[in-house]
Structure formats: C-alpha cells, structure tokens
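What follows is a short report on a single structure.
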Amino acid sequence: MSTKIAFDESASKAILEQFDKTVDDSGYVVEEDTGNRVLTPDGEELPLEQFAGIAKGSEIFIEDNFVSLINYVNRRTSNE
Amino acid sequence: MADEERLQDLIDSLGDSTEFDVTIYDRVTFEHREEDRAVYEKSGEVLAVNLQAVNPEKREALLDEASKQFQEQGEVLREDISEETDAIEADQSDPHVQETLEFFDGIIYERHQSMLEAAVLLQKVAEQGRGFKQRRQQIYNKFGQKGINVNNLCNSGYTHEDGYLRELYYEMEDSESYDARNFRDIFSEIVENTPFTVFVNRDQTAWNVAIEARNKIASQKRYRVEFDFVDIRGIGRRNIETINEAVSELEELIGEFDFEEQTKEYEIRVRIDTNTVTTSFDD
C-alpha cells in the first residue's frame, strides 16, 4: 500500500493556509481573500475543529461527521 | 498517494539522526508540536512530521507535497478521518451491509436509505470499537431523532433478513392493491413514530415506559397496517428491571394482555400481543 500524506488536528490551519483558507474570529474556516465562510457539501459552515480534510471537486470541505464521511466515501468510490 | 521518493528525500533532509523508510508507513502525518523532534514514529502505520520543528523552507516543501497529493489523488485528510474513511469503505463491502442496503434500496425514500446506511455502518463501528457514541451523536446531529430511530430499528434486527420490516414489506407487496408508495409511506411513519417499539434508556422510569407503551398500543389503530404487537426493548441490567416493572404498571393501566419475554444476556424484549388488549382507548 502506498503512503498517504495526512495531518493531525494541530496542523489543520497549516493545511488550510496551503489552500488559501484561514479561520475567522469565531473559529470558522474562511476564504483568505474575501473572509467568506466556506461551506460543506451539505451547505453548512465549518468550524475548524470539524475540518476533516479537503477533496477535489473543485474544493470540497469535509466535515467530521459520520454521515458526511459516508457521503464522501460514496462519492470517492463512485469516482474511482 | 504521495510521491514516496520526493517525500523520502524531504524527510531525510530534515536532519533527524534516525532514518525512516517512508514506504513502510500507511500515512505520513503533519503535526504542529512545541517540541524539537522533527520526525518520529507515531505508530506502526504512521510516521509523524512536526512542522513546528523544521525550517520555513522545508515546511513549505512538505506542505507543497500535501497540495500535490490533492492535485494528483484528489484528497488530503486529517489522519483519523483518513483511517475512518478507509474503514467505512471496507465496511461497505461487508456482505450483511450490502445485503441490507440492497434490499431496501428503492422501496424506501432516499433520505431513509441514507439513515439506514448510517445505521448499518454504525453497527460495524460498534463491533470494531471505533467511537460508537460520538458517531451516533453525529447521526443525530444530521438526521435528528429519525436517524436514531432508524438506528434503533436496525440494531434491534427489524431490518435484518428475517426482520419484521421485511416481513411487512412482503405482506404489503402481496396485496393486490399494492403501490410502491404504500411501503415507503408506512416506513416513513415507522421512522417518525416507531409505532411498534419502545426503546428504553437509563433516564426512563417504569411509569414513563408504561405510559409510552400504552400510547403506542392506543395509537396503532390509526395506521394503515396492523402491527399486532408492541415491543418494549432495553439493554443492561437497569433497563431490564425497568421493563419488568413497566409491564406490571402497564397491566394496571390497561388490564391484562398476552406478552412474550425474550432475554438474551443483558438484552430484553417484551412483545405485547396487542390483539389481546381489551381496553378500547376511546378517551
């Protein structure tokens, strides 16, 4: 099995910055240039502690929620 | 997957005295720790790189590798999520999971199918001890009480191969006037009101349970199908005691009725035959 790069919660901000995102004063993930909060596929705003990762399509922000993860896996599997 | 050769060169260049072979790990996890150690083995599967302990140039190069993985492989996930999504994918190929989802696919509403998928996969989480309580709460956060009801129905075996919900479907399908919407709609009502089940938890008293059972027996007449029973279910010694007491309280409320008790280790099901309840509930 090939090695995947992942990140620990402590490095969430560093990963987000890599994608031109940051965190606002209330702790939500926002676009660095506009300050607009990013949305999950369910249309929900995303607190930093719920940030589970980012996926292509073009940029999908994954929420740390069991149902969201199942939906993400279904999407990932159907794209394979 | 990351480009292992590039990642290996980068990790080798961090100047750590220990040599690590990137290829033997499932994941290389980036962290931010207030310590000098730049690379260490977090577990047999995970090599950790502390971004705080590397110079800005190397830090940028490492983060660029994450971006490249995103571009090439389509995702960069938190370590625990990376593990969890792989586990979910593996669980989805479990024959029991597949069989259950395939059976209900198309005969219940899509939103209920999503709830059912979460419920059957949560059973795998429980079996493997992967944070059941947290994941169950997350199902509640997304679907509310209906999600928990589907979970309880699934956990109690009603969706299994010999489960009541399948029996009900076959019964309805056999009817000459059957329309696909019939079962979907009755499934909706079951998910919303759980008309034939009382799931007992630690916060309930015997009296509360008896009242809930009484109300479910009384309201069964308003459904388009005859359920013929109400199950009172509970897990754990305390809930078993509560249920036994509740049955006596219920007899005081509605008179005698036939019931069948099944106890398996610390699990109980009392099935009340609602056809033997003589109270009319006209009030």
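Every chain in the structure tokens has a letter given in the order shown (A, B, ...), and although residue numbers restart at 1 in each chain, ligands are simply numbered from 1 in the order shown.
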DSSP alpha helix (DSSP H) residues within chain A, as an mmCIF file with all heavy atoms, in the first residue's frame:
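selection-v2.cif, written as the output of this step:
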data_model
loop_
_atom_site.group_PDB
_atom_site.id
_atom_site.type_symbol
_atom_site.label_atom_id
_atom_site.label_comp_id
_atom_site.auth_asym_id
_atom_site.auth_seq_id
_atom_site.Cartn_x
_atom_site.Cartn_y
_atom_site.Cartn_z
ATOM 1 N N SER A 12 -4.117 21.557 11.225
ATOM 2 C CA SER A 12 -5.265 21.890 10.364
ATOM 3 C C SER A 12 -5.088 23.253 9.705
ATOM 4 O O SER A 12 -5.331 23.432 8.511
ATOM 5 C CB SER A 12 -6.566 21.911 11.170
ATOM 6 O OG SER A 12 -6.893 20.628 11.599
ATOM 7 N N LYS A 13 -4.656 24.235 10.515
ATOM 8 C CA LYS A 13 -4.532 25.600 9.981
ATOM 9 C C LYS A 13 -3.469 25.672 8.893
ATOM 10 O O LYS A 13 -3.646 26.355 7.879
ATOM 11 C CB LYS A 13 -4.192 26.580 11.107
ATOM 12 C CG LYS A 13 -5.419 27.206 11.740
ATOM 13 C CD LYS A 13 -5.035 28.102 12.861
ATOM 14 C CE LYS A 13 -5.451 29.539 12.591
ATOM 15 N NZ LYS A 13 -5.297 30.380 13.790
ATOM 16 N N ALA A 14 -2.353 24.972 9.118
ATOM 17 C CA ALA A 14 -1.267 24.983 8.126
ATOM 18 C C ALA A 14 -1.757 24.404 6.803
ATOM 19 O O ALA A 14 -1.442 24.922 5.728
ATOM 20 C CB ALA A 14 -0.077 24.186 8.664
ATOM 21 N N ILE A 15 -2.557 23.334 6.882
ATOM 22 C CA ILE A 15 -3.093 22.725 5.659
ATOM 23 C C ILE A 15 -4.056 23.691 4.975
ATOM 24 O O ILE A 15 -3.995 23.900 3.763
ATOM 25 C CB ILE A 15 -3.796 21.374 5.993
ATOM 26 C CG1 ILE A 15 -2.773 20.327 6.445
ATOM 27 C CG2 ILE A 15 -4.643 20.871 4.825
ATOM 28 C CD1 ILE A 15 -1.838 19.801 5.355
ATOM 29 N N LEU A 16 -4.922 24.332 5.768
ATOM 30 C CA LEU A 16 -5.892 25.264 5.185
ATOM 31 C C LEU A 16 -5.186 26.417 4.483
ATOM 32 O O LEU A 16 -5.589 26.846 3.398
ATOM 33 C CB LEU A 16 -6.824 25.800 6.280
ATOM 34 C CG LEU A 16 -7.919 24.825 6.720
ATOM 35 C CD1 LEU A 16 -8.595 25.304 7.994
ATOM 36 C CD2 LEU A 16 -8.971 24.654 5.610
ATOM 37 N N GLU A 17 -4.125 26.922 5.115
ATOM 38 C CA GLU A 17 -3.376 28.040 4.506
ATOM 39 C C GLU A 17 -2.818 27.646 3.145
ATOM 40 O O GLU A 17 -2.722 28.466 2.233
ATOM 41 C CB GLU A 17 -2.248 28.482 5.450
ATOM 42 C CG GLU A 17 -2.775 29.375 6.576
ATOM 43 C CD GLU A 17 -1.809 29.505 7.740
ATOM 44 O OE1 GLU A 17 -0.623 29.133 7.580
ATOM 45 O OE2 GLU A 17 -2.259 29.943 8.815
ATOM 46 N N GLN A 18 -2.477 26.366 3.032
ATOM 47 C CA GLN A 18 -1.958 25.861 1.767
ATOM 48 C C GLN A 18 -3.000 25.998 0.649
ATOM 49 O O GLN A 18 -2.667 26.051 -0.514
ATOM 50 C CB GLN A 18 -1.565 24.388 1.987
ATOM 51 C CG GLN A 18 -0.657 23.796 0.948
ATOM 52 C CD GLN A 18 0.709 24.468 0.902
ATOM 53 O OE1 GLN A 18 1.115 25.166 1.829
ATOM 54 N NE2 GLN A 18 1.414 24.276 -0.205
ATOM 55 N N PHE A 66 -20.087 11.499 10.890
ATOM 56 C CA PHE A 66 -20.180 10.144 10.340
ATOM 57 C C PHE A 66 -20.980 10.106 9.028
ATOM 58 O O PHE A 66 -20.561 9.470 8.059
ATOM 59 C CB PHE A 66 -20.824 9.233 11.386
ATOM 60 C CG PHE A 66 -20.737 7.768 11.062
ATOM 61 C CD1 PHE A 66 -19.525 7.155 10.810
ATOM 62 C CD2 PHE A 66 -21.883 6.987 11.023
ATOM 63 C CE1 PHE A 66 -19.448 5.799 10.512
ATOM 64 C CE2 PHE A 66 -21.820 5.628 10.743
ATOM 65 C CZ PHE A 66 -20.597 5.038 10.479
ATOM 66 N N VAL A 67 -22.096 10.832 8.991
ATOM 67 C CA VAL A 67 -22.947 10.830 7.791
ATOM 68 C C VAL A 67 -22.203 11.501 6.635
ATOM 69 O O VAL A 67 -22.211 11.004 5.499
ATOM 70 C CB VAL A 67 -24.293 11.549 8.074
ATOM 71 C CG1 VAL A 67 -25.153 11.602 6.818
ATOM 72 C CG2 VAL A 67 -25.036 10.856 9.215
ATOM 73 N N SER A 68 -21.530 12.616 6.935
ATOM 74 C CA SER A 68 -20.767 13.324 5.890
ATOM 75 C C SER A 68 -19.641 12.438 5.361
ATOM 76 O O SER A 68 -19.344 12.446 4.166
ATOM 77 C CB SER A 68 -20.160 14.613 6.446
ATOM 78 O OG SER A 68 -21.140 15.385 7.054
ATOM 79 N N LEU A 69 -19.018 11.685 6.255
ATOM 80 C CA LEU A 69 -17.918 10.818 5.832
ATOM 81 C C LEU A 69 -18.432 9.685 4.933
ATOM 82 O O LEU A 69 -17.793 9.337 3.948
ATOM 83 C CB LEU A 69 -17.170 10.242 7.039
ATOM 84 C CG LEU A 69 -16.486 11.265 7.958
ATOM 85 C CD1 LEU A 69 -15.698 10.564 9.061
ATOM 86 C CD2 LEU A 69 -15.563 12.191 7.181
ATOM 87 N N ILE A 70 -19.596 9.142 5.276
ATOM 88 C CA ILE A 70 -20.179 8.090 4.423
ATOM 89 C C ILE A 70 -20.476 8.667 3.035
ATOM 90 O O ILE A 70 -20.139 8.072 2.014
ATOM 91 C CB ILE A 70 -21.478 7.517 5.052
ATOM 92 C CG1 ILE A 70 -21.157 6.768 6.348
ATOM 93 C CG2 ILE A 70 -22.195 6.591 4.072
ATOM 94 C CD1 ILE A 70 -22.380 6.427 7.193
ATOM 95 N N ASN A 71 -21.080 9.869 3.021
ATOM 96 C CA ASN A 71 -21.383 10.509 1.725
ATOM 97 C C ASN A 71 -20.100 10.748 0.937
ATOM 98 O O ASN A 71 -20.066 10.555 -0.277
ATOM 99 C CB ASN A 71 -22.113 11.838 1.938
ATOM 100 C CG ASN A 71 -23.508 11.626 2.494
ATOM 101 O OD1 ASN A 71 -24.070 10.545 2.365
ATOM 102 N ND2 ASN A 71 -24.063 12.638 3.129
ATOM 103 N N TYR A 72 -19.065 11.160 1.656
ATOM 104 C CA TYR A 72 -17.789 11.416 0.971
ATOM 105 C C TYR A 72 -17.229 10.109 0.400
ATOM 106 O O TYR A 72 -16.774 10.065 -0.759
ATOM 107 C CB TYR A 72 -16.772 12.078 1.925
ATOM 108 C CG TYR A 72 -15.409 12.167 1.281
ATOM 109 C CD1 TYR A 72 -15.218 12.920 0.127
ATOM 110 C CD2 TYR A 72 -14.329 11.431 1.770
ATOM 111 C CE1 TYR A 72 -13.995 12.957 -0.515
ATOM 112 C CE2 TYR A 72 -13.102 11.468 1.140
ATOM 113 C CZ TYR A 72 -12.937 12.231 -0.010
ATOM 114 O OH TYR A 72 -11.724 12.250 -0.642
ATOM 115 N N VAL A 73 -17.257 9.043 1.174
ATOM 116 C CA VAL A 73 -16.734 7.751 0.701
ATOM 117 C C VAL A 73 -17.536 7.270 -0.519
ATOM 118 O O VAL A 73 -16.959 6.786 -1.495
ATOM 119 C CB VAL A 73 -16.754 6.687 1.837
ATOM 120 C CG1 VAL A 73 -16.418 5.303 1.296
ATOM 121 C CG2 VAL A 73 -15.774 7.066 2.941
ATOM 122 N N ASN A 74 -18.860 7.453 -0.473
ATOM 123 C CA ASN A 74 -19.687 7.057 -1.630
ATOM 124 C C ASN A 74 -19.258 7.820 -2.881
ATOM 125 O O ASN A 74 -19.174 7.259 -3.972
ATOM 126 C CB ASN A 74 -21.172 7.329 -1.345
ATOM 127 C CG ASN A 74 -21.736 6.323 -0.364
ATOM 128 O OD1 ASN A 74 -21.189 5.225 -0.192
ATOM 129 N ND2 ASN A 74 -22.815 6.669 0.313
ATOM 130 N N ARG A 75 -19.000 9.102 -2.693
ATOM 131 C CA ARG A 75 -18.585 9.959 -3.816
ATOM 132 C C ARG A 75 -17.205 9.518 -4.315
ATOM 133 O O ARG A 75 -16.983 9.383 -5.518
ATOM 134 C CB ARG A 75 -18.543 11.403 -3.301
ATOM 135 C CG ARG A 75 -18.306 12.409 -4.356
ATOM 136 C CD ARG A 75 -18.159 13.803 -3.749
ATOM 137 N NE ARG A 75 -17.554 14.680 -4.720
ATOM 138 C CZ ARG A 75 -16.248 14.766 -4.913
ATOM 139 N NH1 ARG A 75 -15.411 14.035 -4.209
ATOM 140 N NH2 ARG A 75 -15.771 15.572 -5.834
ATOM 141 N N ARG A 76 -16.307 9.271 -3.366
ATOM 142 C CA ARG A 76 -14.937 8.862 -3.725
ATOM 143 C C ARG A 76 -14.961 7.537 -4.470
ATOM 144 O O ARG A 76 -14.285 7.364 -5.480
ATOM 145 C CB ARG A 76 -14.113 8.736 -2.426
ATOM 146 C CG ARG A 76 -12.662 8.400 -2.640
ATOM 147 C CD ARG A 76 -11.871 8.529 -1.355
ATOM 148 N NE ARG A 76 -12.085 7.398 -0.439
ATOM 149 C CZ ARG A 76 -11.508 7.281 0.761
ATOM 150 N NH1 ARG A 76 -10.675 8.221 1.187
ATOM 151 N NH2 ARG A 76 -11.726 6.243 1.516
ATOM 152 N N THR A 77 -15.766 6.599 -3.998
ATOM 153 C CA THR A 77 -15.842 5.277 -4.622
ATOM 154 C C THR A 77 -16.438 5.372 -6.027
ATOM 155 O O THR A 77 -15.980 4.710 -6.943
ATOM 156 C CB THR A 77 -16.707 4.323 -3.766
ATOM 157 O OG1 THR A 77 -16.331 4.484 -2.403
ATOM 158 C CG2 THR A 77 -16.498 2.879 -4.144
ATOM 159 N N SER A 78 -17.474 6.213 -6.169
ATOM 160 C CA SER A 78 -18.110 6.304 -7.496
ATOM 161 C C SER A 78 -17.204 7.000 -8.510
ATOM 162 O O SER A 78 -17.392 6.835 -9.714
ATOM 163 C CB SER A 78 -19.465 7.010 -7.410
ATOM 164 O OG SER A 78 -19.262 8.354 -7.073
ATOM 165 N N ASN A 79 -16.224 7.775 -8.029
ATOM 166 C CA ASN A 79 -15.294 8.453 -8.945
ATOM 167 C C ASN A 79 -14.105 7.575 -9.331
ATOM 168 O O ASN A 79 -13.328 7.943 -10.195
ATOM 169 C CB ASN A 79 -14.763 9.747 -8.310
ATOM 170 C CG ASN A 79 -15.806 10.835 -8.334
ATOM 171 O OD1 ASN A 79 -16.794 10.728 -9.045
ATOM 172 N ND2 ASN A 79 -15.591 11.876 -7.548
#
Chain A contacts to chain B at 6 Å (only C-alpha atoms) as a compact mmCIF listing (two decimals) with N, CA, C and O atoms, in the first residue's frame:
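Written file, result16.txt:
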# COMPACT_ATOMS: atom_id res chain seq x y z
N SER A 2 0.52 2.25 -0.82
CA SER A 2 1.32 3.46 -0.90
C SER A 2 1.04 4.38 0.29
O SER A 2 -0.03 4.33 0.88
N THR A 3 2.02 5.21 0.57
CA THR A 3 1.91 6.11 1.73
C THR A 3 1.07 7.33 1.38
O THR A 3 1.25 7.93 0.33
N LYS A 4 0.16 7.70 2.29
CA LYS A 4 -0.66 8.90 2.08
C LYS A 4 -0.17 9.98 3.03
O LYS A 4 0.19 9.69 4.17
N ILE A 5 -0.24 11.21 2.58
CA ILE A 5 0.01 12.33 3.49
C ILE A 5 -1.31 12.64 4.19
O ILE A 5 -2.36 12.71 3.54
N ALA A 6 -1.25 12.82 5.50
CA ALA A 6 -2.42 13.20 6.27
C ALA A 6 -2.00 14.33 7.21
O ALA A 6 -0.86 14.80 7.14
N PHE A 7 -2.89 14.77 8.06
CA PHE A 7 -2.50 15.80 9.02
C PHE A 7 -3.21 15.58 10.33
O PHE A 7 -4.29 14.99 10.38
N ASP A 8 -2.58 16.05 11.37
CA ASP A 8 -3.15 15.97 12.70
C ASP A 8 -3.94 17.27 12.93
O ASP A 8 -3.66 18.28 12.26
N SER A 10 -3.67 19.44 15.00
CA SER A 10 -2.78 20.57 15.33
C SER A 10 -2.23 21.25 14.08
O SER A 10 -1.78 22.40 14.14
N ALA A 11 -2.27 20.55 12.94
CA ALA A 11 -1.75 21.14 11.70
C ALA A 11 -2.88 21.54 10.74
O ALA A 11 -2.62 21.88 9.59
N ALA A 52 -12.28 18.12 8.45
CA ALA A 52 -11.76 16.74 8.37
C ALA A 52 -10.84 16.54 7.19
O ALA A 52 -10.14 15.52 7.11
N GLY A 53 -10.84 17.50 6.25
CA GLY A 53 -9.97 17.37 5.09
C GLY A 53 -10.56 18.08 3.90
O GLY A 53 -11.66 18.66 3.97
N ILE A 54 -9.81 18.03 2.81
CA ILE A 54 -10.24 18.72 1.60
C ILE A 54 -10.11 17.74 0.43
O ILE A 54 -9.16 16.96 0.38
N ALA A 55 -11.11 17.80 -0.44
CA ALA A 55 -11.08 16.88 -1.58
C ALA A 55 -11.40 17.65 -2.84
O ALA A 55 -12.01 18.72 -2.80
N LYS A 56 -11.01 17.10 -3.95
CA LYS A 56 -11.23 17.76 -5.23
C LYS A 56 -12.68 17.72 -5.65
O LYS A 56 -13.38 16.75 -5.42
N ASN A 65 -18.14 14.34 10.47
CA ASN A 65 -19.45 13.84 10.88
C ASN A 65 -19.64 12.50 10.17
O ASN A 65 -19.37 12.41 8.96
N PHE A 66 -20.09 11.50 10.89
CA PHE A 66 -20.18 10.14 10.34
C PHE A 66 -20.98 10.11 9.03
O PHE A 66 -20.56 9.47 8.06
Non-local contacts of Glu63 (chain A) (7 Å; only C-alpha atoms; under 6 positions in same chain excluded) as a PyMOL selection string:
chain A and resi 40+46+50-52
Contacts of Gly234 (chain B) within 9 Å, only C-alpha atoms, excl. fewer than 6 positions in-chain, as a short mmCIF file (atom, residue, chain, number, x, y, z; two decimals) with all heavy atoms, in the first residue's frame:
data_model
loop_
_atom_site.label_atom_id
_atom_site.label_comp_id
_atom_site.auth_asym_id
_atom_site.auth_seq_id
_atom_site.Cartn_x
_atom_site.Cartn_y
_atom_site.Cartn_z
N VAL B 198 -40.87 0.41 21.86
CA VAL B 198 -40.49 1.35 22.91
C VAL B 198 -39.04 0.99 23.26
O VAL B 198 -38.77 -0.12 23.72
CB VAL B 198 -41.39 1.19 24.17
CG1 VAL B 198 -40.95 2.13 25.28
CG2 VAL B 198 -42.86 1.42 23.81
N PHE B 199 -38.13 1.89 22.94
CA PHE B 199 -36.73 1.66 23.26
C PHE B 199 -36.43 2.33 24.60
O PHE B 199 -36.56 3.55 24.73
CB PHE B 199 -35.82 2.23 22.16
CG PHE B 199 -35.99 1.55 20.83
CD1 PHE B 199 -36.67 2.18 19.80
CD2 PHE B 199 -35.46 0.29 20.60
CE1 PHE B 199 -36.85 1.56 18.57
CE2 PHE B 199 -35.63 -0.35 19.38
CZ PHE B 199 -36.32 0.29 18.36
N VAL B 200 -36.08 1.54 25.56
CA VAL B 200 -35.93 2.06 26.92
C VAL B 200 -34.48 2.48 27.17
O VAL B 200 -33.55 1.75 26.83
CB VAL B 200 -36.37 0.99 27.94
CG1 VAL B 200 -36.17 1.48 29.37
CG2 VAL B 200 -37.83 0.62 27.70
N ASN B 201 -34.31 3.67 27.74
CA ASN B 201 -32.97 4.10 28.14
C ASN B 201 -32.90 4.36 29.64
O ASN B 201 -33.93 4.33 30.33
CB ASN B 201 -32.51 5.31 27.32
CG ASN B 201 -33.38 6.53 27.58
OD1 ASN B 201 -33.57 6.93 28.72
ND2 ASN B 201 -33.93 7.10 26.51
N ILE B 240 -33.48 -3.66 32.14
CA ILE B 240 -34.27 -4.91 32.25
C ILE B 240 -35.21 -4.80 33.45
O ILE B 240 -36.40 -5.11 33.37
CB ILE B 240 -33.34 -6.15 32.36
CG1 ILE B 240 -32.62 -6.37 31.01
CG2 ILE B 240 -34.12 -7.39 32.77
CD1 ILE B 240 -31.58 -7.49 31.01
N THR B 242 -36.29 -2.03 34.81
CA THR B 242 -37.30 -1.01 34.49
C THR B 242 -38.41 -1.61 33.64
O THR B 242 -39.60 -1.37 33.88
CB THR B 242 -36.64 0.16 33.71
OG1 THR B 242 -35.56 0.67 34.48
CG2 THR B 242 -37.63 1.28 33.42
N ILE B 243 -38.03 -2.42 32.66
CA ILE B 243 -39.03 -3.00 31.74
C ILE B 243 -39.93 -3.99 32.48
O ILE B 243 -41.16 -3.98 32.30
CB ILE B 243 -38.34 -3.65 30.52
CG1 ILE B 243 -37.75 -2.54 29.64
CG2 ILE B 243 -39.30 -4.52 29.72
CD1 ILE B 243 -36.86 -3.01 28.50
N TYR B 266 -27.72 -9.45 28.51
CA TYR B 266 -28.22 -8.22 29.13
C TYR B 266 -29.20 -7.47 28.25
O TYR B 266 -29.30 -6.26 28.29
CB TYR B 266 -27.04 -7.32 29.53
CG TYR B 266 -26.28 -7.88 30.70
CD1 TYR B 266 -25.05 -8.49 30.53
CD2 TYR B 266 -26.83 -7.84 31.98
CE1 TYR B 266 -24.37 -9.03 31.59
CE2 TYR B 266 -26.16 -8.38 33.06
CZ TYR B 266 -24.93 -8.98 32.86
OH TYR B 266 -24.27 -9.52 33.93
N GLU B 267 -29.91 -8.22 27.40
CA GLU B 267 -30.85 -7.58 26.48
C GLU B 267 -32.23 -8.19 26.69
O GLU B 267 -32.35 -9.41 26.86
CB GLU B 267 -30.36 -7.88 25.06
CG GLU B 267 -30.70 -6.81 24.07
CD GLU B 267 -30.07 -7.08 22.71
OE1 GLU B 267 -28.99 -7.70 22.65
OE2 GLU B 267 -30.69 -6.67 21.73
N ILE B 268 -33.24 -7.35 26.67
CA ILE B 268 -34.60 -7.88 26.86
C ILE B 268 -35.54 -7.34 25.79
O ILE B 268 -35.38 -6.20 25.33
CB ILE B 268 -35.14 -7.52 28.28
CG1 ILE B 268 -36.45 -8.26 28.57
CG2 ILE B 268 -35.33 -6.03 28.44
CD1 ILE B 268 -36.93 -8.12 30.00
N ARG B 269 -36.49 -8.22 25.40
CA ARG B 269 -37.57 -7.75 24.54
C ARG B 269 -38.86 -8.35 25.08
O ARG B 269 -38.97 -9.56 25.23
CB ARG B 269 -37.39 -8.24 23.09
CG ARG B 269 -38.48 -7.68 22.17
CD ARG B 269 -38.57 -8.44 20.86
NE ARG B 269 -39.30 -9.69 21.03
CZ ARG B 269 -39.54 -10.57 20.05
NH1 ARG B 269 -39.06 -10.35 18.84
NH2 ARG B 269 -40.21 -11.68 20.27
#
Quick one: everything within 9 Å of Arg202 (chain B), counting only C-alpha atoms, minus sequence neighbours fewer than 4 positions away in the same chain. Send it as an NGL selection string.
:B and (236 or 238-239 or 242)
Which polymer residues have any atom within 10 Å of an atom of Leu39 (chain A), counting only C-alpha atoms, with same-chain residues fewer than 2 positions away left out, as a ChimeraX atom specification?
/A:28-30,36-37,41-46,60-63
Pairwise distance for CA of Thr197 (chain B) and CA of Asp231 (chain B), rounded to one decimal in Å:
4.7 Å
Just how far from CA of Glu212 (chain B) is CA of Gly144 (chain B), in Å to one decimal?
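These atoms are spaced 19.8 Å apart.
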Per DSSP on the backbone, filter chain A down to the residues in strand (DSSP E or B) and report them as a ChimeraX atom specification.
/A:4-7,21-23,28-31,37,39,45,47,51-56,59-63
Determine, counting only C-alpha atoms, which protein, DNA and RNA residues have an atom within 10 Å of an atom of Ile190 (chain B); residues of the same chain fewer than 3 positions away are not included. Present the result as a list of chain:residue names.
B:Lys146, B:Asn149, B:Val150, B:Leu153, B:Leu165, B:Arg184, B:Asp185, B:Ile186, B:Phe187, B:Asn193, B:Thr194, B:Pro195, B:Phe196, B:Thr197, B:Tyr223
Please report the interatomic distance between CA of Ile235 (chain B) and CA of Glu261 (chain B) in Å with one decimal.
13.6 Å
